[in-house]
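data-v2.tsv follows (TSV, C-alpha atoms):
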```
chain	number	residue	atom	x	y	z
K	1	MET	CA	18.65	-3.73	10.29
K	2	SER	CA	16.19	-2.84	13.09
K	3	LEU	CA	18.87	-0.54	14.58
K	4	LEU	CA	19.05	1.42	11.31
K	5	ARG	CA	15.36	1.61	10.51
K	6	GLN	CA	14.37	4.24	13.09
K	7	PRO	CA	17.23	6.69	12.32
K	8	ILE	CA	16.39	6.49	8.62
K	9	LEU	CA	12.73	7.12	9.33
K	10	LEU	CA	13.68	10.13	11.44
K	11	LEU	CA	15.72	11.44	8.51
K	12	SER	CA	12.61	11.19	6.37
K	13	ARG	CA	11.24	14.20	8.28
K	14	SER	CA	14.38	16.32	7.79
K	15	ALA	CA	13.97	19.20	5.34
K	16	GLN	CA	17.77	19.58	5.11
K	17	VAL	CA	18.31	15.95	4.13
K	18	LYS	CA	15.47	16.21	1.63
K	19	ARG	CA	17.20	19.16	-0.05
K	20	LEU	CA	20.40	17.12	-0.29
K	21	VAL	CA	18.61	14.11	-1.70
K	22	THR	CA	16.77	16.06	-4.38
K	23	THR	CA	20.01	17.66	-5.65
K	24	LEU	CA	22.13	14.50	-5.75
K	25	PRO	CA	22.44	13.03	-9.23
K	26	VAL	CA	23.21	9.61	-7.77
K	27	THR	CA	19.87	9.49	-5.99
K	28	SER	CA	17.82	9.97	-9.12
K	29	GLY	CA	18.29	6.32	-9.98
K	30	ILE	CA	17.24	5.31	-6.49
K	31	VAL	CA	14.14	7.51	-6.67
K	32	THR	CA	12.96	6.18	-10.04
K	33	GLY	CA	13.65	2.66	-8.81
K	34	TYR	CA	10.80	3.04	-6.32
K	35	VAL	CA	8.71	5.94	-7.67
K	36	PRO	CA	8.22	6.20	-11.45
K	37	GLY	CA	7.45	9.92	-11.44
K	38	GLU	CA	5.43	12.84	-10.10
K	39	THR	CA	2.63	13.17	-12.65
K	40	SER	CA	-0.36	11.12	-13.74
K	41	ASP	CA	1.28	10.73	-17.16
K	42	THR	CA	4.32	9.05	-15.63
K	43	ALA	CA	2.06	6.85	-13.50
K	44	VAL	CA	0.05	5.75	-16.54
K	45	THR	CA	3.23	5.11	-18.55
K	46	ALA	CA	4.63	2.92	-15.75
K	47	SER	CA	1.28	1.14	-15.45
K	48	ARG	CA	1.19	0.38	-19.16
K	49	ALA	CA	4.67	-1.15	-19.04
K	50	LEU	CA	3.76	-3.37	-16.09
K	51	ILE	CA	0.41	-4.41	-17.60
K	52	ASP	CA	2.07	-5.20	-20.93
K	53	GLY	CA	4.38	-7.45	-18.90
K	54	GLY	CA	1.47	-9.46	-17.52
K	55	LEU	CA	1.04	-7.67	-14.20
K	56	ASP	CA	-1.80	-5.68	-12.64
K	57	VAL	CA	-1.28	-2.38	-10.80
K	58	THR	CA	-2.68	-0.23	-8.03
K	59	LEU	CA	-1.73	3.45	-8.11
K	60	ASP	CA	-1.10	5.51	-4.98
K	61	PHE	CA	-0.89	9.30	-5.23
K	62	LEU	CA	1.66	9.98	-2.50
K	63	GLY	CA	0.77	12.13	0.47
K	64	GLU	CA	-0.64	11.58	3.96
K	65	ASP	CA	-1.44	13.27	7.26
K	66	THR	CA	-2.74	16.41	5.58
K	67	LEU	CA	-4.17	19.12	7.83
K	68	ASP	CA	-5.14	21.34	4.92
K	69	ALA	CA	-8.59	21.02	3.33
K	70	GLN	CA	-7.38	22.41	0.01
K	71	GLN	CA	-4.56	19.89	-0.11
K	72	ALA	CA	-7.08	17.11	0.54
K	73	GLU	CA	-9.22	18.40	-2.33
K	74	ALA	CA	-6.15	18.54	-4.58
K	75	THR	CA	-5.42	14.90	-3.76
K	76	VAL	CA	-8.98	13.94	-4.70
K	77	ALA	CA	-8.59	15.83	-7.98
K	78	ALA	CA	-5.34	13.99	-8.67
K	79	TYR	CA	-7.10	10.64	-8.27
K	80	VAL	CA	-9.96	11.68	-10.52
K	81	GLU	CA	-7.42	12.81	-13.12
K	82	VAL	CA	-5.39	9.59	-13.08
K	83	LEU	CA	-8.54	7.45	-13.22
K	84	LYS	CA	-9.67	9.31	-16.33
K	85	ALA	CA	-6.21	8.90	-17.84
K	86	LEU	CA	-6.22	5.15	-17.12
K	87	SER	CA	-9.65	4.86	-18.72
K	88	VAL	CA	-8.61	6.76	-21.84
K	89	ALA	CA	-5.53	4.53	-22.08
K	90	GLY	CA	-7.71	1.40	-21.83
K	91	LEU	CA	-5.90	0.14	-18.73
K	92	THR	CA	-8.63	0.01	-16.08
K	93	ARG	CA	-9.23	-3.70	-16.50
K	94	HIS	CA	-5.84	-4.21	-14.88
K	95	ALA	CA	-5.40	-1.02	-12.83
K	96	GLU	CA	-7.05	0.31	-9.67
K	97	VAL	CA	-6.12	2.97	-7.11
K	98	SER	CA	-5.14	2.88	-3.44
K	99	VAL	CA	-6.11	5.78	-1.18
K	100	LYS	CA	-4.89	6.86	2.26
K	101	LEU	CA	-7.74	8.50	4.12
K	102	SER	CA	-5.33	10.80	5.96
K	103	ALA	CA	-4.41	12.26	2.56
K	104	ILE	CA	-8.02	13.22	1.85
K	105	GLY	CA	-9.00	14.80	5.14
K	106	GLN	CA	-9.28	12.16	7.87
K	107	ALA	CA	-7.04	14.15	10.25
K	108	LEU	CA	-8.73	17.51	9.67
K	109	PRO	CA	-10.12	19.03	12.88
K	110	ASP	CA	-13.81	18.76	13.78
K	111	HIS	CA	-15.17	16.92	10.73
K	112	GLY	CA	-12.20	14.93	9.39
K	113	HIS	CA	-14.01	11.59	9.30
K	114	LYS	CA	-16.97	13.02	7.38
K	115	ILE	CA	-14.73	14.93	4.97
K	116	ALA	CA	-12.63	11.84	4.27
K	117	LEU	CA	-15.77	9.78	3.67
K	118	GLU	CA	-17.21	12.27	1.17
K	119	ASN	CA	-13.86	12.64	-0.59
K	120	ALA	CA	-13.52	8.85	-0.75
K	121	ARG	CA	-17.01	8.67	-2.27
K	122	THR	CA	-15.91	11.04	-5.01
K	123	ILE	CA	-12.90	8.85	-5.81
K	124	CYS	CA	-14.98	5.65	-5.70
K	125	ARG	CA	-17.52	7.18	-8.08
K	126	ALA	CA	-14.75	8.21	-10.48
K	127	ALA	CA	-13.26	4.71	-10.25
K	128	ARG	CA	-16.59	3.06	-11.03
K	129	ASN	CA	-17.14	5.40	-13.97
K	130	ALA	CA	-13.69	4.45	-15.23
K	131	GLY	CA	-14.45	0.75	-14.83
K	132	THR	CA	-12.22	-0.02	-11.86
K	133	THR	CA	-12.05	-0.01	-8.06
K	134	VAL	CA	-10.54	1.64	-4.98
K	135	THR	CA	-8.70	0.10	-2.03
K	136	LEU	CA	-8.45	2.04	1.24
K	137	ASP	CA	-4.92	1.89	2.60
K	138	MET	CA	-4.49	1.28	6.32
K	139	GLU	CA	-2.30	3.59	8.41
K	140	ASP	CA	-1.27	3.65	12.08
K	141	HIS	CA	-3.46	1.92	14.66
K	142	THR	CA	-5.13	5.14	15.87
K	143	THR	CA	-6.94	5.37	12.51
K	144	THR	CA	-8.02	1.72	12.18
K	145	ASP	CA	-11.54	2.08	13.59
K	146	SER	CA	-12.22	5.24	11.58
K	147	THR	CA	-10.89	3.65	8.37
K	148	LEU	CA	-13.02	0.53	8.80
K	149	ALA	CA	-16.06	2.70	9.55
K	150	VAL	CA	-15.48	4.63	6.30
K	151	LEU	CA	-15.10	1.29	4.51
K	152	ARG	CA	-18.46	0.06	5.83
K	153	ASP	CA	-20.18	3.24	4.68
K	154	LEU	CA	-18.54	3.14	1.25
K	155	ARG	CA	-19.43	-0.49	0.68
K	156	LYS	CA	-23.14	0.35	0.94
K	157	ASP	CA	-22.88	2.08	-2.43
K	158	PHE	CA	-19.52	0.74	-3.63
K	159	PRO	CA	-19.30	-2.87	-2.37
K	160	GLU	CA	-16.22	-3.44	-4.52
K	161	THR	CA	-14.11	-1.12	-2.32
K	162	GLY	CA	-11.05	-2.94	-0.99
K	163	ALA	CA	-9.75	-3.02	2.57
K	164	VAL	CA	-6.25	-3.36	4.01
K	165	LEU	CA	-5.41	-5.15	7.26
K	166	GLN	CA	-2.05	-5.26	9.03
K	167	ALA	CA	-1.01	-8.57	10.56
K	168	TYR	CA	1.20	-7.08	13.27
K	169	LEU	CA	-1.81	-5.64	15.12
K	170	HIS	CA	-3.27	-7.88	17.81
K	171	ARG	CA	-6.81	-7.17	16.58
K	172	THR	CA	-6.30	-8.22	12.97
K	173	GLU	CA	-7.43	-11.85	13.20
K	174	ASP	CA	-10.84	-10.65	14.37
K	175	ASP	CA	-10.91	-8.03	11.61
K	176	CYS	CA	-10.12	-10.74	9.06
K	177	ARG	CA	-13.06	-12.81	10.29
K	178	SER	CA	-15.33	-9.78	9.97
K	179	LEU	CA	-14.23	-9.06	6.40
K	180	ALA	CA	-13.89	-12.57	4.93
K	181	TYR	CA	-17.31	-12.51	3.26
K	182	GLU	CA	-18.37	-12.89	-0.37
K	183	GLY	CA	-17.49	-9.87	-2.48
K	184	SER	CA	-15.08	-8.47	0.08
K	185	ARG	CA	-11.58	-7.63	-1.13
K	186	VAL	CA	-8.91	-7.61	1.60
K	187	ARG	CA	-5.21	-6.84	1.24
K	188	LEU	CA	-3.19	-8.42	4.03
K	189	CYS	CA	0.21	-6.87	4.79
K	190	LYS	CA	2.50	-7.18	7.78
K	191	GLY	CA	2.41	-3.48	8.74
K	192	ALA	CA	4.86	-0.61	8.31
K	193	TYR	CA	4.26	1.78	11.22
K	194	HIS	CA	6.10	1.96	14.54
K	195	GLU	CA	3.41	0.69	16.91
K	196	PRO	CA	3.47	0.17	20.69
K	197	GLU	CA	3.63	-3.28	22.25
K	198	SER	CA	0.14	-2.78	23.69
K	199	VAL	CA	-1.43	-3.02	20.22
K	200	ALA	CA	1.12	-4.76	18.00
K	201	PHE	CA	3.45	-7.73	17.95
K	202	GLN	CA	7.07	-6.58	18.22
K	203	ASP	CA	8.98	-9.75	17.35
K	204	LYS	CA	9.33	-10.63	13.66
K	205	LEU	CA	8.47	-14.27	14.30
K	206	ASP	CA	5.27	-13.28	16.10
K	207	VAL	CA	4.31	-11.02	13.19
K	208	ASP	CA	4.96	-13.85	10.74
K	209	LYS	CA	2.82	-16.24	12.77
K	210	SER	CA	0.01	-13.71	12.88
K	211	TYR	CA	0.30	-13.20	9.13
K	212	VAL	CA	-0.13	-16.94	8.53
K	213	ARG	CA	-3.11	-17.14	10.88
K	214	CYS	CA	-4.74	-14.24	9.06
K	215	LEU	CA	-3.96	-15.82	5.69
K	216	LYS	CA	-5.77	-18.97	6.76
K	217	ILE	CA	-8.88	-17.00	7.69
K	218	LEU	CA	-8.95	-15.03	4.45
K	219	LEU	CA	-8.13	-17.92	2.12
K	220	ALA	CA	-10.69	-20.16	3.82
K	221	GLY	CA	-13.31	-17.41	3.63
K	222	ASP	CA	-15.59	-16.27	0.82
K	223	GLY	CA	-13.85	-12.98	-0.02
K	224	TYR	CA	-11.02	-12.09	-2.37
K	225	PRO	CA	-7.66	-12.11	-0.51
K	226	MET	CA	-4.83	-9.88	-1.70
K	227	VAL	CA	-1.56	-11.26	-0.29
K	228	ALA	CA	0.85	-8.34	0.09
K	229	THR	CA	4.33	-9.65	0.84
K	230	HIS	CA	7.85	-9.80	-0.58
K	231	ASP	CA	8.84	-12.59	1.83
K	232	PRO	CA	9.58	-15.73	-0.25
K	233	ARG	CA	8.52	-17.92	2.64
K	234	MET	CA	5.16	-16.18	2.95
K	235	VAL	CA	4.61	-16.45	-0.81
K	236	GLU	CA	5.23	-20.18	-0.56
K	237	ILE	CA	2.94	-20.55	2.45
K	238	ALA	CA	0.17	-18.56	0.78
K	239	SER	CA	0.36	-20.74	-2.33
K	240	SER	CA	0.23	-23.89	-0.20
K	241	LEU	CA	-2.74	-22.61	1.80
K	242	ALA	CA	-4.58	-21.59	-1.37
K	243	SER	CA	-4.21	-25.15	-2.62
K	244	ARG	CA	-5.33	-26.58	0.73
K	245	TYR	CA	-8.51	-24.51	0.70
K	246	GLY	CA	-9.29	-25.29	-2.93
K	247	ARG	CA	-8.52	-21.81	-4.20
K	248	ALA	CA	-7.98	-21.64	-7.95
K	249	GLN	CA	-5.43	-19.17	-9.29
K	250	GLN	CA	-7.01	-15.74	-9.96
K	251	THR	CA	-9.42	-16.14	-7.00
K	252	TYR	CA	-6.79	-14.34	-4.92
K	253	GLU	CA	-3.74	-12.29	-5.81
K	254	PHE	CA	-0.23	-11.41	-4.70
K	255	GLN	CA	0.80	-7.79	-4.28
K	256	MET	CA	4.31	-6.31	-4.24
K	257	LEU	CA	5.77	-2.82	-4.31
K	258	TYR	CA	7.07	-1.17	-7.47
K	259	GLY	CA	10.79	-1.80	-7.78
K	260	ILE	CA	10.98	-4.61	-5.22
K	261	ARG	CA	11.58	-8.17	-6.44
K	262	PRO	CA	10.46	-7.46	-10.02
K	263	GLY	CA	11.85	-10.81	-11.13
K	264	GLU	CA	9.67	-12.62	-8.60
K	265	GLN	CA	6.66	-10.57	-9.71
K	266	ARG	CA	7.18	-11.75	-13.29
K	267	ARG	CA	7.86	-15.34	-12.21
K	268	LEU	CA	4.62	-15.58	-10.25
K	269	ALA	CA	2.62	-14.02	-13.09
K	270	ALA	CA	4.17	-16.42	-15.59
K	271	SER	CA	3.10	-19.34	-13.37
K	272	GLY	CA	-0.53	-18.22	-13.66
K	273	GLU	CA	-0.83	-16.21	-10.46
K	274	LYS	CA	-2.41	-12.79	-10.46
K	275	VAL	CA	0.20	-10.25	-9.31
K	276	ARG	CA	-0.57	-6.61	-8.62
K	277	VAL	CA	2.20	-4.01	-8.29
K	278	TYR	CA	1.72	-1.08	-5.91
K	279	VAL	CA	2.87	1.97	-7.90
K	280	PRO	CA	3.35	5.22	-5.94
K	281	TYR	CA	3.69	8.54	-7.72
K	282	GLY	CA	3.48	12.29	-7.05
K	283	GLY	CA	5.52	15.11	-5.62
K	284	GLU	CA	5.45	13.83	-2.04
K	285	TRP	CA	7.79	10.94	-2.82
K	286	TYR	CA	10.51	11.74	-0.27
K	287	GLY	CA	9.00	10.14	2.84
K	288	TYR	CA	8.02	7.07	0.85
K	289	LEU	CA	11.55	6.74	-0.56
K	290	MET	CA	13.12	6.96	2.89
K	291	ARG	CA	10.81	4.23	4.21
K	292	ARG	CA	11.86	1.98	1.35
K	293	LEU	CA	15.54	2.72	2.01
K	294	ALA	CA	15.00	1.81	5.66
K	295	GLU	CA	13.78	-1.59	4.50
K	296	ARG	CA	16.55	-2.24	1.95
K	297	PRO	CA	19.98	-2.53	3.60
K	298	GLN	CA	21.83	-2.89	0.28
K	299	ASN	CA	20.89	0.70	-0.58
K	300	LEU	CA	21.81	2.33	2.72
K	301	SER	CA	25.61	2.51	2.43
K	302	PHE	CA	25.41	3.73	-1.18
K	303	PHE	CA	22.88	6.37	-0.21
K	304	ALA	CA	24.78	7.51	2.90
K	305	LYS	CA	28.06	7.93	0.98
K	306	SER	CA	26.26	10.12	-1.53
K	307	LEU	CA	24.93	12.37	1.22
K	308	ILE	CA	28.34	12.65	2.91
K	309	SER	CA	30.14	13.56	-0.32
K	310	LYS	CA	27.54	16.20	-1.10
K	311	SER	CA	27.58	17.80	2.34
```
Could the structure of this file be written out as structure tokens, please?
Amino acid sequence: MSLLRQPILLLSRSAQVKRLVTTLPVTSGIVTGYVPGETSDTAVTASRALIDGGLDVTLDFLGEDTLDAQQAEATVAAYVEVLKALSVAGLTRHAEVSVKLSAIGQALPDHGHKIALENARTICRAARNAGTTVTLDMEDHTTTDSTLAVLRDLRKDFPETGAVLQAYLHRTEDDCRSLAYEGSRVRLCKGAYHEPESVAFQDKLDVDKSYVRCLKILLAGDGYPMVATHDPRMVEIASSLASRYGRAQQTYEFQMLYGIRPGEQRRLAASGEKVRVYVPYGGEWYGYLMRRLAERPQNLSFFAKSLISKS
């Protein structure tokens, strides 16, 4: 699978392949399997269905690496809109939003960090007014320090703001120690970016070991851990560690992506665990879809045959 992942990710940047994908009827089912739609209405509808099924959600308006200030502002407006819609629908008790700082200006020249911080403040304020919270997504390692700096500033006024840490980075155990304090919400994932050996573990086993070490720090700490994994073994280990450290159910949560292991999501929720589903939506779904395809080998041959027959 590692041999296929990089070519698929390269395809995600191909405008020609994107045109093929968006005109293939067969792909529509694949798209809606991972992304419920492009509008806030579709995001709220999907959220309601998941919440009615006993799950919580976090909504991500898709888009990243923007170098356009107007696009960043449009992304902020989209978050404000969906937060209002969630509030009107009475869903904010079980729904929050996840935000990539690169989508709201972090990479803009000269003042990107400041712009992203102010835009994040706007979203956090809208979330608080709606009765919910924001989690800052983590991106590639070059943005980690900036993202954590924004987090520190935001938490002065919005201490409920969530963080994300990626276990494949060498630094993450130390970051976990820094963030495992009372009131701190931390999502731990393995990491999804192609990182150099100098900053990240390359072997899957080493990443898994790091994930477990980080889990121990977070579950033994005073914060609120959010365990983001689809790995059955990691789910089992997290449950065992939670018991070891005297963690009651609902004092931590599991997180999984929309469309991935929905049966396991429901099973965990039925057992009393809090489970939050990461629900992406918006017009910039193509890159996200291709990353998910790169991770799901059972979809690759089906998808490739569709492209070949179309071309």
Near stretch 99-105 of chain K, 10 Å: stretch 127-238 of chain K residue rows, closest pairs, only C-alpha atoms, as a tab-separated table:
```
residue	atom	partner	partner_atom	distance
K:Val134	CA	K:Val99	CA	7.2
K:Thr135	CA	K:Val99	CA	6.3
K:Leu136	CA	K:Val99	CA	5.0
K:Asp137	CA	K:Lys100	CA	5.0
K:Met138	CA	K:Lys100	CA	6.9
K:Glu139	CA	K:Lys100	CA	7.4
K:Thr143	CA	K:Ser102	CA	8.7
K:Ser146	CA	K:Leu101	CA	9.3
K:Thr147	CA	K:Leu101	CA	7.2
K:Val150	CA	K:Leu101	CA	8.9
```
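Closest approach to K:Val76 from the set K:Cys176, K:Leu117, K:Ala269, K:Ala43 is made by K:Leu117, with distances taken over only C-alpha atoms.
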With all atoms of stretch 204-213 of chain K from the file as input, state the centre and edge lengths in Å to one decimal of the axis-aligned box that has 3 Å extra on each side, as AutoDock Vina command-line options.
```
--center_x 3.1 --center_y -13.9 --center_z 12.3 --size_x 18.4 --size_y 12.5 --size_z 13.6
```
Item to check | Point-to-point distance from atom CA of K:Thr229 to atom CA of K:Val97, Å rounded to tenths | outcome: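 So the answer is 18.2 Å.
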Next on the checklist: Here is a test: counting all atoms listed in the file, which residue of K:Ala220, K:Val186, K:Leu179, K:Val212 is nearest to K:Met234?
Outcome noted: K:Val212
Checklist entry - Separation of atom CA of K:Asp231 and atom CA of K:Glu160, in Å? => result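 If I compute the distance from atom CA of K:Asp231 to atom CA of K:Glu160, I get 27.4 Å.
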Checklist entry - How far is it from atom CA of K:Glu236 to atom CA of K:Leu268, in Å with one decimal? => result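 Computed distance, atom CA of K:Glu236 to atom CA of K:Leu268, equals 10.7 Å.
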Checklist outcome for this item: Restricting to only C-alpha atoms, whichever of K:Ala95, K:Ala89, K:Ala69, K:Leu154 is closest to K:Val279 is K:Ala95
Next on the checklist: Show me the residues around (-13.7, 1.6, -11.8) - criterion: an atom at most 12 Å away, all atoms listed in the file counted - as a ChimeraX atom specification.
Outcome noted: /K:58,79-80,82-84,86-87,90-97,122-135,158-161
Item to check | Protein/DNA/RNA residues near (1.4, 6.2, 15.2), cut 9 Å, all atoms listed in the file, as an NGL selection string | outcome: :K and (139-143 or 193-196)
Next on the checklist: Under the rule that only C-alpha atoms are counted, which of K:Asp174, K:Glu38, K:Glu284, K:Asp153 is the nearest residue to K:Ala120?
Outcome noted: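 Using only C-alpha atoms, K:Ala120 sits closest to K:Asp153.
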